[in-house]
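Below: run.txt (compact mmCIF, C-alpha atoms)
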```
# COMPACT_ATOMS: atom_id res chain seq x y z
CA MET A 5 -10.69 -53.47 -63.45
CA THR A 6 -12.58 -56.52 -62.12
CA SER A 7 -15.81 -57.74 -63.70
CA GLU A 8 -17.78 -56.39 -60.71
CA GLN A 9 -16.13 -52.98 -61.04
CA GLN A 10 -16.76 -52.98 -64.79
CA GLN A 11 -20.43 -53.84 -64.24
CA LEU A 12 -20.81 -51.11 -61.61
CA SER A 13 -19.10 -48.59 -63.89
CA GLU A 14 -21.48 -49.46 -66.72
CA ILE A 15 -24.53 -49.07 -64.46
CA ILE A 16 -23.36 -45.65 -63.25
CA GLU A 17 -22.62 -44.55 -66.82
CA LYS A 18 -25.99 -45.85 -68.05
CA ASN A 19 -27.87 -44.01 -65.30
CA HIS A 20 -26.02 -40.76 -65.95
CA ASP A 21 -26.83 -41.01 -69.67
CA GLN A 22 -30.60 -41.34 -69.22
CA PRO A 23 -32.33 -38.67 -71.33
CA ASP A 24 -34.33 -37.18 -68.50
CA SER A 25 -31.50 -37.45 -65.93
CA GLU A 26 -33.99 -39.07 -63.55
CA VAL A 27 -31.28 -40.77 -61.51
CA GLN A 28 -29.17 -37.66 -61.10
CA SER A 29 -32.28 -35.62 -60.31
CA LEU A 30 -33.24 -37.99 -57.49
CA ALA A 31 -29.62 -38.13 -56.35
CA ASN A 32 -29.51 -34.35 -56.10
CA GLN A 33 -32.88 -34.21 -54.38
CA PHE A 34 -32.23 -36.79 -51.69
CA TYR A 35 -28.46 -37.20 -51.29
CA GLY A 36 -26.51 -34.19 -52.47
CA LEU A 37 -22.74 -34.57 -52.79
CA VAL A 38 -20.94 -37.90 -52.39
CA PRO A 39 -17.21 -38.73 -52.70
CA GLU A 40 -15.65 -38.31 -56.13
CA ASN A 41 -15.30 -42.01 -56.96
CA TRP A 42 -18.90 -42.84 -55.99
CA GLY A 43 -21.89 -42.87 -58.27
CA PHE A 44 -25.63 -43.52 -58.08
CA GLY A 45 -27.77 -46.36 -59.37
CA LYS A 46 -31.38 -47.50 -59.57
CA LEU A 47 -32.31 -50.66 -57.72
CA ASP A 48 -33.83 -51.94 -60.96
CA ASP A 49 -30.27 -52.22 -62.33
CA LEU A 50 -28.68 -53.45 -59.11
CA VAL A 51 -31.09 -56.12 -57.89
CA GLU A 52 -31.13 -59.47 -59.68
CA ASN A 53 -34.54 -60.59 -58.43
CA PHE A 54 -37.53 -58.95 -56.72
CA ILE A 55 -39.70 -61.54 -54.93
CA ASP A 56 -43.06 -59.93 -54.38
CA TYR A 57 -46.16 -61.63 -52.97
CA ARG A 58 -47.99 -58.43 -52.10
CA GLY A 59 -51.74 -58.68 -52.33
CA LYS A 60 -51.71 -62.40 -51.54
CA THR A 61 -52.46 -63.77 -48.07
CA PRO A 62 -51.46 -67.42 -47.63
CA PRO A 63 -53.53 -69.57 -45.24
CA LYS A 64 -51.99 -69.92 -41.78
CA ALA A 65 -51.18 -73.13 -39.90
CA ASP A 66 -50.49 -73.95 -36.25
CA GLU A 67 -47.00 -75.10 -37.13
CA GLY A 68 -44.77 -75.66 -40.13
CA ILE A 69 -42.69 -73.12 -42.08
CA HIS A 70 -42.23 -69.63 -40.66
CA MET A 71 -44.22 -66.96 -42.45
CA LEU A 72 -42.55 -63.55 -42.33
CA SER A 73 -44.81 -60.53 -42.13
CA ALA A 74 -44.22 -56.81 -41.68
CA ALA A 75 -44.61 -57.34 -37.92
CA ASN A 76 -41.45 -59.48 -37.89
CA ILE A 77 -39.17 -56.71 -39.19
CA LYS A 78 -38.17 -53.97 -36.79
CA ASP A 79 -35.24 -51.57 -36.58
CA GLY A 80 -33.07 -53.51 -39.01
CA PHE A 81 -33.73 -56.97 -37.57
CA ILE A 82 -35.85 -59.89 -38.70
CA LEU A 83 -37.57 -61.38 -35.64
CA PRO A 84 -39.49 -64.48 -36.81
CA LYS A 85 -40.76 -65.25 -33.30
CA ARG A 86 -42.41 -61.83 -32.93
CA LYS A 87 -46.13 -62.46 -33.57
CA GLU A 88 -45.10 -65.90 -34.81
CA LYS A 89 -47.03 -67.27 -37.80
CA PHE A 90 -46.69 -70.48 -39.80
CA ALA A 91 -47.73 -71.96 -43.11
CA SER A 92 -47.96 -75.65 -43.92
CA LYS A 93 -45.37 -77.32 -46.14
CA GLU A 94 -48.07 -77.81 -48.78
CA THR A 95 -48.94 -74.10 -48.74
CA PHE A 96 -45.24 -73.22 -48.97
CA GLU A 97 -44.72 -75.39 -52.05
CA GLU A 98 -47.91 -74.15 -53.70
CA TRP A 99 -47.32 -70.48 -52.86
CA THR A 100 -43.65 -69.87 -53.71
CA THR A 101 -44.02 -69.75 -57.50
CA ARG A 102 -42.36 -66.31 -57.70
CA GLY A 103 -39.26 -67.37 -55.79
CA VAL A 104 -38.09 -68.42 -52.33
CA PRO A 105 -36.20 -66.01 -50.05
CA LYS A 106 -32.63 -67.18 -49.32
CA LYS A 107 -29.87 -66.38 -46.87
CA GLY A 108 -28.40 -62.97 -47.70
CA ASP A 109 -31.58 -61.62 -49.32
CA VAL A 110 -32.80 -58.20 -48.18
CA VAL A 111 -36.44 -57.84 -47.12
CA ILE A 112 -38.33 -54.54 -46.96
CA THR A 113 -41.83 -53.67 -45.73
CA THR A 114 -44.01 -51.77 -48.19
CA GLU A 115 -46.88 -50.96 -45.84
CA ALA A 116 -47.75 -50.72 -42.15
CA PRO A 117 -45.01 -49.72 -41.59
CA VAL A 118 -43.20 -48.44 -44.70
CA GLY A 119 -39.48 -49.06 -45.13
CA GLU A 120 -38.50 -51.43 -42.31
CA VAL A 121 -35.56 -53.49 -43.57
CA GLY A 122 -33.87 -56.75 -42.61
CA ILE A 123 -31.46 -59.29 -44.04
CA ILE A 124 -32.09 -63.04 -43.96
CA ARG A 125 -29.32 -64.70 -41.94
CA THR A 126 -30.44 -68.32 -41.88
CA GLU A 127 -30.80 -71.22 -44.30
CA GLU A 128 -34.25 -71.89 -42.82
CA PRO A 129 -36.94 -71.53 -45.50
CA PHE A 130 -39.36 -68.63 -45.13
CA LEU A 131 -42.68 -67.79 -46.70
CA THR A 132 -43.15 -64.04 -47.07
CA ALA A 133 -46.61 -62.61 -46.53
CA GLN A 134 -48.05 -59.57 -48.27
CA ARG A 135 -46.58 -56.12 -47.53
CA LEU A 136 -43.03 -57.48 -48.05
CA ILE A 137 -40.66 -57.45 -51.02
CA THR A 138 -37.49 -59.58 -51.02
CA MET A 139 -34.44 -58.47 -53.02
CA ARG A 140 -31.54 -60.62 -54.26
CA VAL A 141 -28.64 -58.43 -55.33
CA ALA A 142 -26.55 -58.62 -58.50
CA GLU A 143 -22.74 -59.07 -58.29
CA CYS A 144 -22.07 -55.34 -58.34
CA LEU A 145 -23.98 -54.71 -55.11
CA ASP A 146 -23.21 -56.00 -51.60
CA SER A 147 -26.40 -57.18 -49.87
CA ARG A 148 -25.33 -55.91 -46.46
CA TYR A 149 -24.54 -52.50 -47.92
CA LEU A 150 -27.98 -52.44 -49.59
CA LYS A 151 -29.69 -53.29 -46.32
CA PHE A 152 -28.03 -50.42 -44.45
CA CYS A 153 -28.39 -48.04 -47.38
CA LEU A 154 -32.15 -48.66 -47.29
CA GLN A 155 -32.08 -47.82 -43.56
CA TYR A 156 -30.20 -44.58 -44.29
CA GLN A 157 -32.53 -41.69 -43.50
CA LYS A 158 -32.00 -40.05 -46.90
CA THR A 159 -33.08 -43.27 -48.64
CA GLN A 160 -36.00 -43.55 -46.22
CA ASN A 161 -37.05 -40.04 -47.23
CA GLN A 162 -37.09 -41.16 -50.87
CA LEU A 163 -39.22 -44.23 -50.05
CA GLU A 164 -41.62 -42.06 -48.03
CA SER A 165 -41.98 -39.74 -51.02
CA TYR A 166 -43.41 -42.69 -52.99
CA ALA A 167 -45.75 -43.74 -50.19
CA SER A 168 -49.41 -43.21 -50.99
CA GLY A 169 -52.76 -44.10 -49.49
CA THR A 170 -55.53 -42.33 -47.66
CA THR A 171 -55.43 -44.39 -44.47
CA VAL A 172 -52.27 -46.52 -44.80
CA SER A 173 -49.09 -45.32 -46.52
CA SER A 174 -47.52 -47.80 -48.95
CA PHE A 175 -45.32 -48.11 -52.02
CA ASN A 176 -45.13 -50.78 -54.72
CA GLN A 177 -42.48 -52.78 -56.56
CA THR A 178 -42.22 -50.19 -59.34
CA ASP A 179 -41.43 -47.51 -56.77
CA LEU A 180 -38.77 -49.73 -55.23
CA ARG A 181 -37.21 -50.49 -58.62
CA ASN A 182 -37.00 -46.76 -59.31
CA THR A 183 -35.34 -46.01 -55.98
CA VAL A 184 -31.88 -44.48 -56.38
CA ILE A 185 -29.05 -45.23 -53.96
CA PRO A 186 -25.45 -43.98 -53.65
CA LEU A 187 -22.89 -46.47 -55.03
CA PRO A 188 -19.35 -46.66 -53.66
CA PRO A 189 -16.91 -49.08 -55.30
CA ILE A 190 -17.80 -52.68 -54.42
CA SER A 191 -14.79 -53.04 -52.09
CA GLU A 192 -15.98 -50.03 -50.09
CA GLN A 193 -19.55 -51.34 -50.06
CA LYS A 194 -18.33 -54.59 -48.53
CA LYS A 195 -16.36 -52.81 -45.82
CA ILE A 196 -19.27 -50.53 -44.92
CA GLY A 197 -21.64 -53.49 -44.81
CA TYR A 198 -19.19 -55.57 -42.79
CA ILE A 199 -18.62 -52.93 -40.11
CA LEU A 200 -22.31 -52.18 -39.55
CA ASP A 201 -23.33 -55.82 -39.85
CA ASN A 202 -20.96 -56.91 -37.09
CA ILE A 203 -22.47 -54.35 -34.74
CA GLU A 204 -25.88 -55.87 -35.45
CA LYS A 205 -24.53 -59.41 -35.04
CA LYS A 206 -23.34 -58.52 -31.54
CA ILE A 207 -26.79 -57.09 -30.77
CA THR A 208 -28.32 -60.36 -32.01
CA VAL A 209 -25.96 -62.45 -29.86
CA ASN A 210 -26.95 -60.44 -26.78
CA LYS A 211 -30.62 -60.93 -27.61
CA GLN A 212 -30.11 -64.69 -27.99
CA VAL A 213 -28.28 -64.86 -24.66
CA ASN A 214 -31.09 -62.91 -23.01
CA GLN A 215 -33.69 -65.23 -24.47
CA LEU A 216 -31.88 -68.24 -22.98
CA LEU A 217 -31.44 -66.48 -19.63
CA GLY A 218 -35.13 -65.56 -19.59
CA GLU A 219 -36.12 -69.16 -20.33
CA LEU A 220 -33.82 -70.36 -17.55
CA ALA A 221 -35.38 -67.95 -15.03
CA GLN A 222 -38.89 -69.02 -16.10
CA SER A 223 -37.91 -72.69 -15.71
CA LEU A 224 -36.65 -72.07 -12.18
CA TYR A 225 -39.91 -70.33 -11.30
CA LYS A 226 -42.02 -73.13 -12.80
CA TYR A 227 -39.93 -75.85 -11.13
CA GLN A 228 -40.53 -74.39 -7.68
CA PHE A 229 -43.83 -72.53 -7.75
CA VAL A 230 -45.91 -74.24 -10.47
CA ASP A 231 -44.74 -77.87 -10.39
CA PHE A 232 -43.84 -77.69 -6.65
CA ARG A 233 -40.89 -80.03 -7.26
CA PRO A 234 -38.89 -79.17 -4.09
CA TYR A 235 -41.91 -79.81 -1.82
CA HIS A 236 -43.09 -83.10 -0.32
CA GLU A 237 -46.07 -82.31 1.92
CA PHE A 238 -49.31 -80.99 0.43
CA LYS A 239 -52.81 -79.88 1.43
CA ASN A 240 -56.10 -79.37 -0.39
CA SER A 241 -57.17 -75.83 -1.32
CA LYS A 242 -59.63 -74.15 -3.69
CA LYS A 243 -56.69 -74.02 -6.14
CA GLY A 244 -56.11 -77.76 -5.83
CA GLU A 245 -53.28 -79.47 -3.97
CA ILE A 246 -50.60 -77.02 -2.86
CA PRO A 247 -47.58 -77.33 -0.55
CA THR A 248 -48.53 -77.28 3.11
CA GLU A 249 -46.98 -73.88 3.89
CA PHE A 250 -48.49 -72.13 0.86
CA GLU A 251 -51.63 -69.95 0.99
CA VAL A 252 -54.31 -68.87 -1.46
CA ASP A 253 -54.65 -65.10 -1.53
CA ASN A 254 -55.31 -62.19 -3.89
CA LEU A 255 -52.65 -60.49 -5.99
CA PRO A 256 -52.73 -57.18 -4.02
CA LYS A 257 -51.26 -59.07 -1.06
CA LEU A 258 -47.89 -58.60 -2.80
CA MET A 259 -48.27 -55.26 -4.53
CA ASP A 260 -49.76 -51.83 -4.93
CA ILE A 261 -51.40 -51.01 -8.27
CA VAL A 262 -50.49 -47.69 -9.92
CA LEU A 263 -52.35 -46.48 -13.02
CA GLY A 264 -50.33 -44.19 -15.25
CA GLY A 265 -51.28 -40.77 -16.56
CA THR A 266 -50.66 -38.43 -19.49
CA PRO A 267 -49.50 -34.80 -19.28
CA LYS A 268 -51.39 -32.44 -21.64
CA SER A 269 -50.05 -33.07 -25.12
CA ASP A 270 -50.21 -29.41 -26.16
CA VAL A 271 -47.86 -28.21 -23.41
CA GLU A 272 -44.30 -28.38 -24.76
CA ASP A 273 -42.75 -27.96 -21.31
CA TYR A 274 -44.18 -31.32 -20.27
CA TYR A 275 -42.25 -33.41 -22.81
CA GLY A 276 -38.63 -34.16 -23.72
CA GLY A 277 -37.30 -34.40 -20.18
CA ASP A 278 -35.27 -37.09 -18.40
CA ILE A 279 -38.20 -39.14 -17.05
CA LEU A 280 -38.98 -42.26 -19.12
CA TRP A 281 -42.71 -42.44 -19.89
CA ALA A 282 -43.87 -45.84 -21.13
CA LYS A 283 -46.98 -46.51 -23.21
CA ALA A 284 -48.49 -49.92 -23.97
CA LYS A 285 -46.68 -49.87 -27.31
CA ASP A 286 -43.28 -49.56 -25.58
CA VAL A 287 -44.03 -52.56 -23.39
CA ALA A 288 -45.56 -54.70 -26.15
CA GLN A 289 -42.57 -54.15 -28.47
CA GLU A 290 -40.01 -55.13 -25.83
CA ASP A 291 -38.34 -58.49 -26.47
CA ASP A 292 -36.40 -58.70 -23.20
CA ALA A 293 -37.38 -58.53 -19.54
CA PHE A 294 -36.74 -54.82 -18.98
CA ILE A 295 -38.13 -51.75 -20.76
CA SER A 296 -35.05 -50.67 -22.70
CA SER A 297 -36.41 -47.39 -24.10
CA THR A 298 -39.59 -45.35 -24.46
CA GLU A 299 -40.82 -43.40 -27.46
CA LYS A 300 -41.35 -40.30 -25.32
CA SER A 301 -40.07 -38.87 -22.06
CA ILE A 302 -41.55 -36.22 -19.79
CA THR A 303 -40.22 -33.42 -17.61
CA GLU A 304 -40.48 -32.96 -13.86
CA LYS A 305 -43.11 -30.29 -14.56
CA GLY A 306 -45.09 -32.71 -16.73
CA LEU A 307 -44.99 -35.26 -13.92
CA VAL A 308 -46.07 -32.84 -11.18
CA GLU A 309 -48.89 -31.26 -13.23
CA SER A 310 -50.45 -34.51 -14.44
CA SER A 311 -51.83 -37.75 -13.02
CA ALA A 312 -48.65 -39.64 -13.96
CA GLU A 313 -46.82 -41.20 -11.00
CA LEU A 314 -43.25 -42.37 -10.59
CA ILE A 315 -42.88 -46.10 -10.06
CA PRO A 316 -39.65 -47.61 -8.72
CA GLU A 317 -37.05 -49.75 -10.44
CA GLY A 318 -38.12 -53.41 -10.43
CA THR A 319 -41.83 -52.66 -10.93
CA THR A 320 -43.76 -55.03 -13.21
CA VAL A 321 -45.56 -53.01 -15.89
CA ILE A 322 -48.58 -54.67 -17.52
CA THR A 323 -50.45 -53.35 -20.55
CA ALA A 324 -54.15 -52.75 -19.90
CA ARG A 325 -55.23 -51.80 -23.43
CA GLY A 326 -54.30 -52.61 -27.00
CA THR A 327 -52.21 -55.77 -26.78
CA VAL A 328 -53.49 -56.72 -23.34
CA GLY A 329 -51.29 -58.46 -20.80
CA GLU A 330 -47.79 -57.69 -22.12
CA THR A 331 -45.32 -57.33 -19.27
CA ALA A 332 -41.89 -55.82 -18.66
CA LEU A 333 -39.83 -54.63 -15.70
CA THR A 334 -38.78 -51.04 -15.08
CA PRO A 335 -34.96 -50.75 -15.25
CA ILE A 336 -35.00 -47.44 -13.34
CA GLU A 337 -37.53 -45.19 -11.64
CA MET A 338 -39.96 -44.08 -14.37
CA THR A 339 -43.63 -43.57 -15.19
CA THR A 340 -46.32 -44.76 -17.62
CA ASN A 341 -49.45 -43.49 -19.30
CA GLN A 342 -52.93 -44.81 -18.58
CA THR A 343 -52.64 -47.76 -20.97
CA CYS A 344 -50.43 -49.47 -18.37
CA TYR A 345 -50.52 -50.44 -14.74
CA GLY A 346 -47.46 -50.46 -12.54
CA LEU A 347 -47.51 -53.42 -10.14
CA VAL A 348 -45.24 -52.13 -7.38
CA PRO A 349 -44.04 -54.89 -5.01
CA LYS A 350 -44.70 -54.06 -1.38
CA ASN A 351 -41.34 -55.65 -0.58
CA ARG A 352 -38.46 -55.16 -3.00
CA GLU A 353 -37.39 -58.77 -2.42
CA ASP A 354 -40.59 -59.89 -4.20
CA ARG A 355 -39.89 -57.98 -7.42
CA TYR A 356 -38.80 -60.90 -9.63
CA PHE A 357 -41.15 -63.41 -8.03
CA LEU A 358 -44.02 -60.99 -8.75
CA TYR A 359 -42.88 -60.54 -12.37
CA PHE A 360 -42.90 -64.29 -13.10
CA LEU A 361 -46.10 -64.79 -11.09
CA VAL A 362 -47.91 -62.22 -13.24
CA GLN A 363 -46.52 -63.78 -16.42
CA SER A 364 -47.86 -67.15 -15.33
CA HIS A 365 -51.34 -65.56 -14.94
CA ILE A 366 -51.35 -63.72 -18.28
CA GLN A 367 -53.72 -66.08 -20.04
CA ARG A 368 -56.20 -65.89 -17.18
CA LEU A 369 -55.99 -62.09 -17.15
CA ARG A 370 -56.60 -61.95 -20.89
CA SER A 371 -59.61 -64.23 -20.60
CA ARG A 372 -61.16 -61.74 -18.17
CA THR A 373 -60.69 -58.67 -20.36
CA HIS A 374 -63.62 -56.64 -21.57
CA GLY A 375 -64.30 -53.41 -23.41
CA THR A 376 -65.86 -51.84 -26.46
CA VAL A 377 -63.04 -50.43 -28.60
CA PHE A 378 -60.09 -52.04 -26.83
CA ASP A 379 -60.06 -55.05 -24.58
CA THR A 380 -58.93 -53.85 -21.19
CA ILE A 381 -57.65 -54.98 -17.83
CA ASN A 382 -59.02 -52.86 -15.00
CA MET A 383 -58.21 -52.52 -11.31
CA ASN A 384 -60.81 -55.10 -10.28
CA THR A 385 -59.42 -57.64 -12.75
CA LEU A 386 -56.06 -57.38 -11.02
CA ARG A 387 -57.39 -57.20 -7.46
CA GLU A 388 -59.55 -60.29 -7.93
CA GLN A 389 -56.73 -62.51 -9.17
CA GLU A 390 -56.36 -65.42 -6.79
CA ILE A 391 -52.81 -66.68 -6.46
CA VAL A 392 -51.00 -69.51 -4.75
CA LEU A 393 -48.67 -67.66 -2.41
CA PRO A 394 -45.45 -69.30 -1.15
CA PRO A 395 -43.95 -68.34 2.23
CA LYS A 396 -41.91 -65.15 2.33
CA ASN A 397 -38.58 -66.95 2.82
CA ASP A 398 -39.14 -69.09 -0.30
CA ARG A 399 -40.02 -66.05 -2.40
CA PHE A 400 -37.02 -64.07 -1.17
CA GLU A 401 -34.64 -67.00 -1.76
CA PHE A 402 -35.95 -67.33 -5.31
CA ASN A 403 -35.41 -63.61 -5.87
CA GLU A 404 -31.82 -63.88 -4.60
CA LYS A 405 -31.19 -66.94 -6.78
CA ILE A 406 -32.24 -65.31 -10.05
CA THR A 407 -31.00 -61.76 -9.40
CA PRO A 408 -27.64 -62.51 -11.12
CA ILE A 409 -29.59 -63.79 -14.15
CA MET A 410 -31.76 -60.69 -14.30
CA ASP A 411 -28.75 -58.41 -13.77
CA LEU A 412 -27.01 -60.01 -16.77
CA ILE A 413 -30.15 -59.56 -18.90
CA ARG A 414 -30.21 -55.89 -17.95
CA GLU A 415 -26.47 -55.48 -18.71
CA ASN A 416 -26.95 -57.02 -22.16
CA GLN A 417 -29.88 -54.71 -22.82
CA ASN A 418 -27.76 -51.71 -21.79
CA GLU A 419 -24.96 -52.83 -24.09
CA ASN A 420 -27.42 -53.26 -26.93
CA ARG A 421 -28.71 -49.73 -26.40
CA SER A 422 -25.12 -48.46 -26.73
CA LEU A 423 -24.56 -50.61 -29.84
CA HIS A 424 -27.76 -49.27 -31.40
CA GLU A 425 -26.53 -45.73 -30.78
CA LEU A 426 -23.14 -46.60 -32.33
CA ARG A 427 -24.79 -48.11 -35.41
CA ASP A 428 -27.17 -45.17 -35.80
CA THR A 429 -24.27 -42.72 -35.48
CA LEU A 430 -21.97 -44.53 -37.90
CA LEU A 431 -24.57 -45.40 -40.54
CA PRO A 432 -25.19 -41.90 -42.00
CA LYS A 433 -21.48 -41.03 -41.82
CA LEU A 434 -20.51 -44.17 -43.77
CA MET A 435 -23.38 -43.85 -46.26
CA SER A 436 -22.55 -40.24 -47.06
CA GLY A 437 -18.80 -40.81 -47.34
CA GLU A 438 -18.13 -38.49 -44.41
CA VAL A 439 -16.24 -41.40 -42.84
CA ARG A 440 -14.23 -43.41 -45.37
CA VAL A 441 -13.14 -47.03 -45.05
CA ASN A 442 -10.79 -47.12 -48.06
CA ASP A 443 -7.67 -47.80 -46.01
CA ILE A 444 -9.21 -50.59 -43.95
CA SER A 445 -8.45 -54.14 -45.08
CA LEU A 446 -11.21 -56.72 -44.80
CA ASP A 447 -8.54 -59.09 -43.43
CA ASP A 448 -8.02 -56.64 -40.54
CA LEU A 449 -11.73 -56.72 -39.82
CA GLU A 450 -11.88 -60.52 -39.63
CA VAL A 451 -10.58 -60.48 -36.04
CA ASP A 452 -14.17 -60.04 -34.86
CA SER A 453 -15.74 -62.39 -37.39
CA GLU A 454 -17.37 -64.58 -34.72
CA VAL A 455 -18.55 -61.57 -32.68
```

Any chance you could give the structure as structure tokens?
Amino acid sequence: MTSEQQQLSEIIEKNHDQPDSEVQSLANQFYGLVPENWGFGKLDDLVENFIDYRGKTPPKADEGIHMLSAANIKDGFILPKRKEKFASKETFEEWTTRGVPKKGDVVITTEAPVGEVGIIRTEEPFLTAQRLITMRVAECLDSRYLKFCLQYQKTQNQLESYASGTTVSSFNQTDLRNTVIPLPPISEQKKIGYILDNIEKKITVNKQVNQLLGELAQSLYKYQFVDFRPYHEFKNSKKGEIPTEFEVDNLPKLMDIVLGGTPKSDVEDYYGGDILWAKAKDVAQEDDAFISSTEKSITEKGLVESSAELIPEGTTVITARGTVGETALTPIEMTTNQTCYGLVPKNREDRYFLYFLVQSHIQRLRSRTHGTVFDTINMNTLREQEIVLPPKNDRFEFNEKITPIMDLIRENQNENRSLHELRDTLLPKLMSGEVRVNDISLDDLEVDSEV
């Protein structure tokens, strides 16, 4: 028996011998039966260090060291550029008295939302804001296994049982230390973690490729239609000097504006159909160009008997409330609720030009927002937007040039959706022992080590 196996055996034996059988009680309550050679353990015995800065809000800076917050952790991934925040080097050095998160550490959100989990994959230093706890595992626990075990719905149910609060659910470090998880032998933990982790690595690679492709497409747009680099003859206009063949016009010259609608929420027949129904939240949370999924869908009946309208594939959707001015493209024919506008190009060959044009006007649109509870963009805001409009041939050529780029972005998003489904299908089967990895060698798995 190796030292890791001996340590794990001692932890399992210790937990089973507790006078009040707390561990076994929680195991029975949340997990039920597991394979014969598995056990259960409390995180307090399995985690070497809990780094907890909850209740402390470090001062922000315009640049410096990334500050992770609950907003950066979503669906198993740490996304430092989502709602990007920084702290100065001085703040970092002054603040990190309880420990510094390191590569391989597992991070979990304790509030707003509860139980989102990620694993740190970079050597880059991070400062963790409140509402996060970082865990560094002991030798008997694989960090990747812990990360996926915390995502396991049965573990999530346990965390939710600790959550308290009248307006915002939360749990604390004591709750996390008392959390019980199933414990396979360390070799099996590593295999489970490896398999699921490589699925997520491929998802991450696709996201990185899409980010580069998106930046390339934006650069091509800016080169031609913002910096006017290919053009040599100019004229004066109320928008300044523009190429001779360009015009100044209003945004509706290129598009029709469609406001979404909501079927009655108390009619079950309206929901759960095949029609994607996007809300502002779905658009705001999208990292890539296209809307990859929506929280809810509606039926044909819900569409017909409400003010919702179908908008075609290639429509630019812009959020009008909440996080104002977020944009994404429709990957297929779909609909939205009233927190979004669909900007439907009058000519399909303008669809990508229109998307990047609207993105370039986002700041101006946001500066015109108004409202009492939520800032909003209304029809007039959109209709009054003055734009510098290139000739039709230039717009259509641009669309043709970047269509292969946008097609590849969409293909990567589709693959990621399939990979998410694979991960979400495999995870509970591996965590429960329904699917065993005993006979798989880690050496066999290394063939895909670079994903």

What are the closest atom pairs, with distances in Å to one decimal, for all residues of region 185-239 of chain A lying within 9 Å of region 140-154 of chain A? Consider all atoms listed in the file, order rows by chain and residue number, and present the result as a Markdown table.
```
| residue | atom | partner | partner_atom | distance |
| --- | --- | --- | --- | --- |
| A:Ile185 | CA | A:Cys153 | CA | 7.2 |
| A:Pro186 | CA | A:Cys153 | CA | 8.0 |
| A:Leu187 | CA | A:Leu145 | CA | 8.3 |
| A:Pro189 | CA | A:Cys144 | CA | 8.7 |
| A:Ile190 | CA | A:Cys144 | CA | 6.4 |
| A:Ser191 | CA | A:Asp146 | CA | 8.9 |
| A:Gln193 | CA | A:Tyr149 | CA | 5.6 |
| A:Lys194 | CA | A:Asp146 | CA | 5.9 |
| A:Lys195 | CA | A:Tyr149 | CA | 8.5 |
| A:Ile196 | CA | A:Tyr149 | CA | 6.4 |
| A:Gly197 | CA | A:Tyr149 | CA | 4.4 |
| A:Tyr198 | CA | A:Arg148 | CA | 7.2 |
| A:Leu200 | CA | A:Phe152 | CA | 7.7 |
| A:Asp201 | CA | A:Arg148 | CA | 6.9 |
```

Store the residues picked out above in a file with C-alpha atoms, as a JSON list (two decimals), keeping the file's coordinate frame.
```json
[["chain", "number", "residue", "atom", "x", "y", "z"],
["A", 185, "ILE", "CA", -29.05, -45.23, -53.96],
["A", 186, "PRO", "CA", -25.45, -43.98, -53.65],
["A", 187, "LEU", "CA", -22.89, -46.47, -55.03],
["A", 189, "PRO", "CA", -16.91, -49.08, -55.30],
["A", 190, "ILE", "CA", -17.80, -52.68, -54.42],
["A", 191, "SER", "CA", -14.79, -53.04, -52.09],
["A", 193, "GLN", "CA", -19.55, -51.34, -50.06],
["A", 194, "LYS", "CA", -18.33, -54.59, -48.53],
["A", 195, "LYS", "CA", -16.36, -52.81, -45.82],
["A", 196, "ILE", "CA", -19.27, -50.53, -44.92],
["A", 197, "GLY", "CA", -21.64, -53.49, -44.81],
["A", 198, "TYR", "CA", -19.19, -55.57, -42.79],
["A", 200, "LEU", "CA", -22.31, -52.18, -39.55],
["A", 201, "ASP", "CA", -23.33, -55.82, -39.85]]
```

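Picture a line from CA of Lys60 (chain A) to CA of Glu128 (chain A); it runs 21.7 Å.
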
Do you have the CA of Ile137 (chain A)-CA of Val27 (chain A) distance handy?
21.8 Å

Skipping near chain neighbours, those fewer than 5 positions away, what residues fall within 7 Å of region 346-348 of chain A using all atoms listed in the file, listed as a PDB file with C-alpha atoms, in the coordinates of the input?
```
ATOM      1  CA  MET A 259     -48.270 -55.260  -4.530  1.00  0.00           C
ATOM      2  CA  ASP A 260     -49.760 -51.830  -4.930  1.00  0.00           C
ATOM      3  CA  ILE A 261     -51.400 -51.010  -8.270  1.00  0.00           C
ATOM      4  CA  VAL A 262     -50.490 -47.690  -9.920  1.00  0.00           C
ATOM      5  CA  LEU A 263     -52.350 -46.480 -13.020  1.00  0.00           C
ATOM      6  CA  ILE A 315     -42.880 -46.100 -10.060  1.00  0.00           C
ATOM      7  CA  THR A 319     -41.830 -52.660 -10.930  1.00  0.00           C
ATOM      8  CA  THR A 320     -43.760 -55.030 -13.210  1.00  0.00           C
ATOM      9  CA  VAL A 321     -45.560 -53.010 -15.890  1.00  0.00           C
ATOM     10  CA  ILE A 322     -48.580 -54.670 -17.520  1.00  0.00           C
TER      11      ILE A 322
END
```

In Å, with one decimal, what is the gap from CA of Thr100 (chain A) to CA of Ala133 (chain A)?
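Going from CA of Thr100 (chain A) over to CA of Ala133 (chain A) covers 10.6 Å.
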
What's the 8 Å shell around region 332-335 of chain A, counting all atoms listed in the file, without same-chain residues fewer than 4 positions away, as a VMD selection string?
chain A and resid 287 290 292 to 296 316 to 322 359 414

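Nearest to Thr266 (chain A) of all the residues A:Ser223, A:Ser173, A:Gln162, A:Ser311 is A:Ser311, based on only C-alpha atoms.
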
Can you list, as a list in words, every protein, DNA or RNA residue that comes within 7 Å of Val184 (chain A) when you count all atoms listed in the file, leaving out same-chain residues fewer than 4 positions away?
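Non-adjacent residues within range: Val27, Leu30, Ala31, Phe44, Gly45, Lys46 and Leu47 of chain A.
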